[in-house]
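**Student:** One structure coming up, written as structure tokens, with questions to follow.
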Amino acid sequence: MSSKSQTRYVPPKLRDFSPSALDKAAEKLLAALEKEWQAVANESDWRSFRDHWMARKDGVLTQINELWLKAAPKDAKREVGQRVNEIKKRVEDSAQRGENGYKAGAKARIADSDSVDISLPGLRRPIGAEHPIIKTRNETPSVFRNLGYSVEEGPVIETDYYNFEALNFPPNHPARDTQDTLFVANQEAKPQRERLMLRTHTSPVQIRAMERMKPPIRIVIPGKVHRNDPPDASHSPMFHQIEGLAVDTSITFGDLKGTLDHAMKALFGSSVKTHFRPSFFPFTEPSAEVMVSCFICGGSGKRGSDPCRPCKQTGWIEILGCGMVDPNVFEFVKHNGYDPKKVSGFAFGMGVDRIAILKYGVDDIQLFFQGDVRFLEQFG
Ligand code: DAH
């Protein structure tokens, strides 16, 4: 290689730091790297190749660090830095190839270009990971499956009847306003109960299931729901819920409390406590919100000397809505054996995304839906 040493690559000073000029300069450098690498025929060639490119004093890498990166104006630093890093990696890979080959006493490069260079690293095949929402969505039903519940699903595009009317939200009732509904366009010609919308909760599947299955019934219903909420760190127009419904001849509020207390302990750890607080939902009476003692700070409201953010220092996290099925709801499915004088039941609904946010310490719900591999691979 010594005879070719006059033609060895010398990095130019850069005047133009635009991305296209940087691309050109990087291209020239990499072409020279490849050419000089091709000319390496023995161990001493390889050493001189390595020193020319990598020597701490005056090697090409050191030089481009000075001439390109340090000389770059502030606003071009990022671009230049990126390219310098790529180049560094390519140079180091070449040198490594040589080292591997010569250390083993073999020639790193086999002259015949048709043959395979066995010293090259193999193709990496990334292994997929379950999405954190899917993971959480699957864990919850499995807790209930152990209690004898089965899993049901229903349509995401729903009618007014199932999303509202049969759940005891009468037409024009103000409780509908709480649901921030996304309506399907051009439905005005239809009778109100047939008009389509994106379901705002998984509760309509309660009605669909009771129409198909006679009591007793115990089901959980995971699914996608939509609300007209502008996206921010804690809101997304599309999110996920898990609904539950149990109906039999003598179900009481005690059954509801026992079941949910058990489920919360199975999901968040046996040491969590539950707290039931009165609330309102049109389709349950009485209704409650379930608070779980904060499994991040253990209920103290503090993490060391810092305030605990997930529970807003209260020591409690609101996890779900629930209640005893309102007799008015049973009236809509009375024909299938749900006579409110004979059966009773409880229902509950919780937000999957919120639980995943808490469980994995994610600070922005949007991250779940942006498909950025750098975020998702952390769950592999
Ligand atoms: N569907 C309610 C919502 O999205 C949540 C809910 C509350 C579901 C109470 C229930 C329940 O089944 O009993 O706001």
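A note on labels: chains of the structure tokens are A, B, ... as shown, every chain counts residues from 1, and ligands are counted from 1 in their shown order.
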Go through the chains and note each residue within 9 Å of ligand 1, using only C-alpha atoms and all ligand atoms, then give the set as a VMD selection string.

**Tutor:** chain A and resid 178 to 179 200 to 204 206 225 241 to 245 279 to 285 287 to 289 320 to 325 346 to 351

**Student:** Since we have the selection now, will you write its residues out, keeping C-alpha atoms, as an mmCIF file, in the first residue's frame?

**Tutor:**
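Just written: result_32.cif:
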data_model
loop_
_atom_site.group_PDB
_atom_site.id
_atom_site.type_symbol
_atom_site.label_atom_id
_atom_site.label_comp_id
_atom_site.auth_asym_id
_atom_site.auth_seq_id
_atom_site.Cartn_x
_atom_site.Cartn_y
_atom_site.Cartn_z
ATOM 1 C CA THR A 178 -70.593 14.477 29.244
ATOM 2 C CA GLN A 179 -69.726 12.042 26.470
ATOM 3 C CA THR A 200 -67.997 6.866 23.466
ATOM 4 C CA HIS A 201 -67.699 3.932 25.882
ATOM 5 C CA THR A 202 -67.799 0.137 25.908
ATOM 6 C CA SER A 203 -71.063 0.144 27.889
ATOM 7 C CA PRO A 204 -73.301 -0.402 24.778
ATOM 8 C CA GLN A 206 -73.701 -4.589 27.935
ATOM 9 C CA VAL A 225 -63.716 4.146 22.122
ATOM 10 C CA GLN A 241 -61.812 0.816 27.963
ATOM 11 C CA ILE A 242 -62.639 -2.412 29.708
ATOM 12 C CA GLU A 243 -66.220 -2.878 30.745
ATOM 13 C CA GLY A 244 -67.611 -5.496 33.096
ATOM 14 C CA LEU A 245 -71.114 -6.802 33.729
ATOM 15 C CA SER A 279 -70.910 9.128 41.818
ATOM 16 C CA PHE A 280 -73.429 9.284 38.992
ATOM 17 C CA PHE A 281 -73.874 7.331 35.781
ATOM 18 C CA PRO A 282 -77.267 7.127 34.040
ATOM 19 C CA PHE A 283 -77.080 3.334 33.667
ATOM 20 C CA THR A 284 -76.229 2.464 37.282
ATOM 21 C CA GLU A 285 -77.979 3.243 40.557
ATOM 22 C CA SER A 287 -73.079 4.554 41.207
ATOM 23 C CA ALA A 288 -69.557 4.846 42.550
ATOM 24 C CA GLU A 289 -66.027 5.717 41.587
ATOM 25 C CA LEU A 320 -62.912 3.150 37.443
ATOM 26 C CA GLY A 321 -66.638 3.870 37.467
ATOM 27 C CA CYS A 322 -69.142 1.283 38.629
ATOM 28 C CA GLY A 323 -72.561 0.681 40.117
ATOM 29 C CA MET A 324 -75.636 -1.533 40.332
ATOM 30 C CA VAL A 325 -77.355 -1.874 36.947
ATOM 31 C CA PHE A 346 -73.397 -4.697 38.720
ATOM 32 C CA ALA A 347 -71.304 -3.054 36.020
ATOM 33 C CA PHE A 348 -67.984 -1.279 35.864
ATOM 34 C CA GLY A 349 -65.775 0.463 33.338
ATOM 35 C CA MET A 350 -62.142 1.517 33.364
ATOM 36 C CA GLY A 351 -59.645 3.261 31.087
#

**Student:** Within 7 Å of stretch 46-62 of chain A, which residues of stretch 66-172 of chain A come that close, and what is the closest atom pair and distance in Å for each? Count only C-alpha atoms and give it as JSON lines.

**Tutor:**
{"residue": "A:Glu66", "atom": "CA", "partner": "A:Thr62", "partner_atom": "CA", "distance": 6.5}
{"residue": "A:Lys88", "atom": "CA", "partner": "A:Leu61", "partner_atom": "CA", "distance": 6.6}
{"residue": "A:Ala95", "atom": "CA", "partner": "A:Arg50", "partner_atom": "CA", "distance": 5.9}
{"residue": "A:Gly98", "atom": "CA", "partner": "A:Trp46", "partner_atom": "CA", "distance": 6.5}

**Student:** Could you give me, as a ChimeraX atom specification, each residue of stretch 133-300 of chain A that DSSP assigns to alpha helix (DSSP H) when run on this structure's backbone?

**Tutor:** /A:133-145,160-163,204-212,253-268

**Student:** With distances taken over only C-alpha atoms, which of A:Thr314, A:Gln187, A:His226, A:Ser94 is nearest to A:Gly298?

**Tutor:**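 Result for the nearest residue to A:Gly298: A:Thr314.
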
**Student:** Using only C-alpha atoms, determine which residues lie at most 12 Å from A:Lys312, disregarding the query and same-chain residues fewer than 6 positions distant; provide the list as a ChimeraX atom specification.

**Tutor:** /A:293-294,296-297,299-303,306,318

**Student:** Sorted by chain and rising residue number, which residues of stretch 205-300 of chain A lie within 7 Å of stretch 142-161 of chain A, and what are their closest atom pairs and distances in Å to one decimal, counting only C-alpha atoms, as a tab-separated table?

**Tutor:**
residue	atom	partner	partner_atom	distance
A:Val205	CA	A:Gly154	CA	5.5
A:Arg218	CA	A:Tyr149	CA	4.9
A:Ile219	CA	A:Ser150	CA	4.8
A:Val220	CA	A:Val151	CA	5.0
A:Ile221	CA	A:Glu152	CA	5.0
A:Pro222	CA	A:Glu153	CA	6.7
A:Gly223	CA	A:Glu153	CA	6.9
A:Lys224	CA	A:Val156	CA	6.6
A:Val225	CA	A:Val156	CA	6.7
A:Ala263	CA	A:Val143	CA	6.5
A:Ala266	CA	A:Val143	CA	6.8

**Student:** Dump all heavy atoms for the selected residues as an mmCIF file, in the first residue's frame?

**Tutor:**
data_model
loop_
_atom_site.group_PDB
_atom_site.id
_atom_site.type_symbol
_atom_site.label_atom_id
_atom_site.label_comp_id
_atom_site.auth_asym_id
_atom_site.auth_seq_id
_atom_site.Cartn_x
_atom_site.Cartn_y
_atom_site.Cartn_z
ATOM 1 N N VAL A 205 -72.028 -2.489 24.780
ATOM 2 C CA VAL A 205 -71.915 -3.943 24.607
ATOM 3 C C VAL A 205 -72.634 -4.676 25.748
ATOM 4 O O VAL A 205 -73.032 -5.830 25.601
ATOM 5 C CB VAL A 205 -70.432 -4.363 24.468
ATOM 6 C CG1 VAL A 205 -70.327 -5.826 24.042
ATOM 7 C CG2 VAL A 205 -69.705 -3.482 23.462
ATOM 8 N N ARG A 218 -71.822 -13.148 33.122
ATOM 9 C CA ARG A 218 -70.633 -12.470 33.685
ATOM 10 C C ARG A 218 -69.672 -12.239 32.534
ATOM 11 O O ARG A 218 -69.116 -13.193 31.989
ATOM 12 C CB ARG A 218 -69.922 -13.360 34.711
ATOM 13 C CG ARG A 218 -70.609 -13.491 36.025
ATOM 14 C CD ARG A 218 -69.683 -14.212 36.996
ATOM 15 N NE ARG A 218 -70.438 -14.785 38.086
ATOM 16 C CZ ARG A 218 -71.049 -15.951 38.052
ATOM 17 N NH1 ARG A 218 -70.990 -16.692 36.966
ATOM 18 N NH2 ARG A 218 -71.721 -16.385 39.100
ATOM 19 N N ILE A 219 -69.500 -10.985 32.144
ATOM 20 C CA ILE A 219 -68.644 -10.706 30.993
ATOM 21 C C ILE A 219 -67.708 -9.519 31.240
ATOM 22 O O ILE A 219 -68.027 -8.635 32.035
ATOM 23 C CB ILE A 219 -69.481 -10.406 29.719
ATOM 24 C CG1 ILE A 219 -70.488 -9.280 29.983
ATOM 25 C CG2 ILE A 219 -70.195 -11.637 29.223
ATOM 26 C CD1 ILE A 219 -71.197 -8.784 28.731
ATOM 27 N N VAL A 220 -66.578 -9.530 30.536
ATOM 28 C CA VAL A 220 -65.740 -8.330 30.416
ATOM 29 C C VAL A 220 -65.630 -7.984 28.940
ATOM 30 O O VAL A 220 -65.636 -8.871 28.083
ATOM 31 C CB VAL A 220 -64.322 -8.486 31.017
ATOM 32 C CG1 VAL A 220 -64.333 -8.260 32.505
ATOM 33 C CG2 VAL A 220 -63.694 -9.803 30.650
ATOM 34 N N ILE A 221 -65.538 -6.678 28.673
ATOM 35 C CA ILE A 221 -65.596 -6.188 27.300
ATOM 36 C C ILE A 221 -64.469 -5.187 27.073
ATOM 37 O O ILE A 221 -64.588 -4.027 27.462
ATOM 38 C CB ILE A 221 -66.939 -5.468 27.042
ATOM 39 C CG1 ILE A 221 -68.114 -6.363 27.412
ATOM 40 C CG2 ILE A 221 -67.021 -4.977 25.601
ATOM 41 C CD1 ILE A 221 -69.319 -5.592 27.928
ATOM 42 N N PRO A 222 -63.353 -5.621 26.488
ATOM 43 C CA PRO A 222 -62.311 -4.646 26.142
ATOM 44 C C PRO A 222 -62.625 -4.022 24.787
ATOM 45 O O PRO A 222 -63.258 -4.667 23.954
ATOM 46 C CB PRO A 222 -61.045 -5.505 26.043
ATOM 47 C CG PRO A 222 -61.525 -6.879 25.712
ATOM 48 C CD PRO A 222 -62.962 -7.003 26.154
ATOM 49 N N GLY A 223 -62.207 -2.777 24.574
ATOM 50 C CA GLY A 223 -62.433 -2.196 23.242
ATOM 51 C C GLY A 223 -61.999 -0.758 23.115
ATOM 52 O O GLY A 223 -61.664 -0.077 24.073
ATOM 53 N N LYS A 224 -62.044 -0.337 21.838
ATOM 54 C CA LYS A 224 -61.644 1.011 21.449
ATOM 55 C C LYS A 224 -62.850 1.934 21.559
ATOM 56 O O LYS A 224 -63.948 1.544 21.186
ATOM 57 C CB LYS A 224 -61.259 0.915 19.970
ATOM 58 C CG LYS A 224 -60.065 1.722 19.525
ATOM 59 C CD LYS A 224 -59.912 1.562 18.033
ATOM 60 C CE LYS A 224 -58.825 0.628 17.617
ATOM 61 N NZ LYS A 224 -57.488 0.936 17.918
ATOM 62 N N VAL A 225 -62.628 3.156 22.053
ATOM 63 C CA VAL A 225 -63.716 4.146 22.122
ATOM 64 C C VAL A 225 -63.186 5.500 21.634
ATOM 65 O O VAL A 225 -61.968 5.683 21.539
ATOM 66 C CB VAL A 225 -64.267 4.280 23.559
ATOM 67 C CG1 VAL A 225 -64.753 2.938 24.080
ATOM 68 C CG2 VAL A 225 -63.235 4.869 24.502
ATOM 69 N N ALA A 263 -60.023 -7.640 42.134
ATOM 70 C CA ALA A 263 -59.414 -7.352 40.826
ATOM 71 C C ALA A 263 -58.315 -6.303 40.953
ATOM 72 O O ALA A 263 -57.255 -6.419 40.330
ATOM 73 C CB ALA A 263 -60.484 -6.885 39.835
ATOM 74 N N ALA A 266 -55.291 -7.870 42.310
ATOM 75 C CA ALA A 266 -54.634 -8.730 41.320
ATOM 76 C C ALA A 266 -53.882 -7.877 40.290
ATOM 77 O O ALA A 266 -52.830 -8.270 39.798
ATOM 78 C CB ALA A 266 -55.666 -9.617 40.613
#

**Student:** Quick one: pull the distance between atom CA of A:Met264 and atom CA of A:Phe295, Å, one decimal.

**Tutor:** 10.6 Å
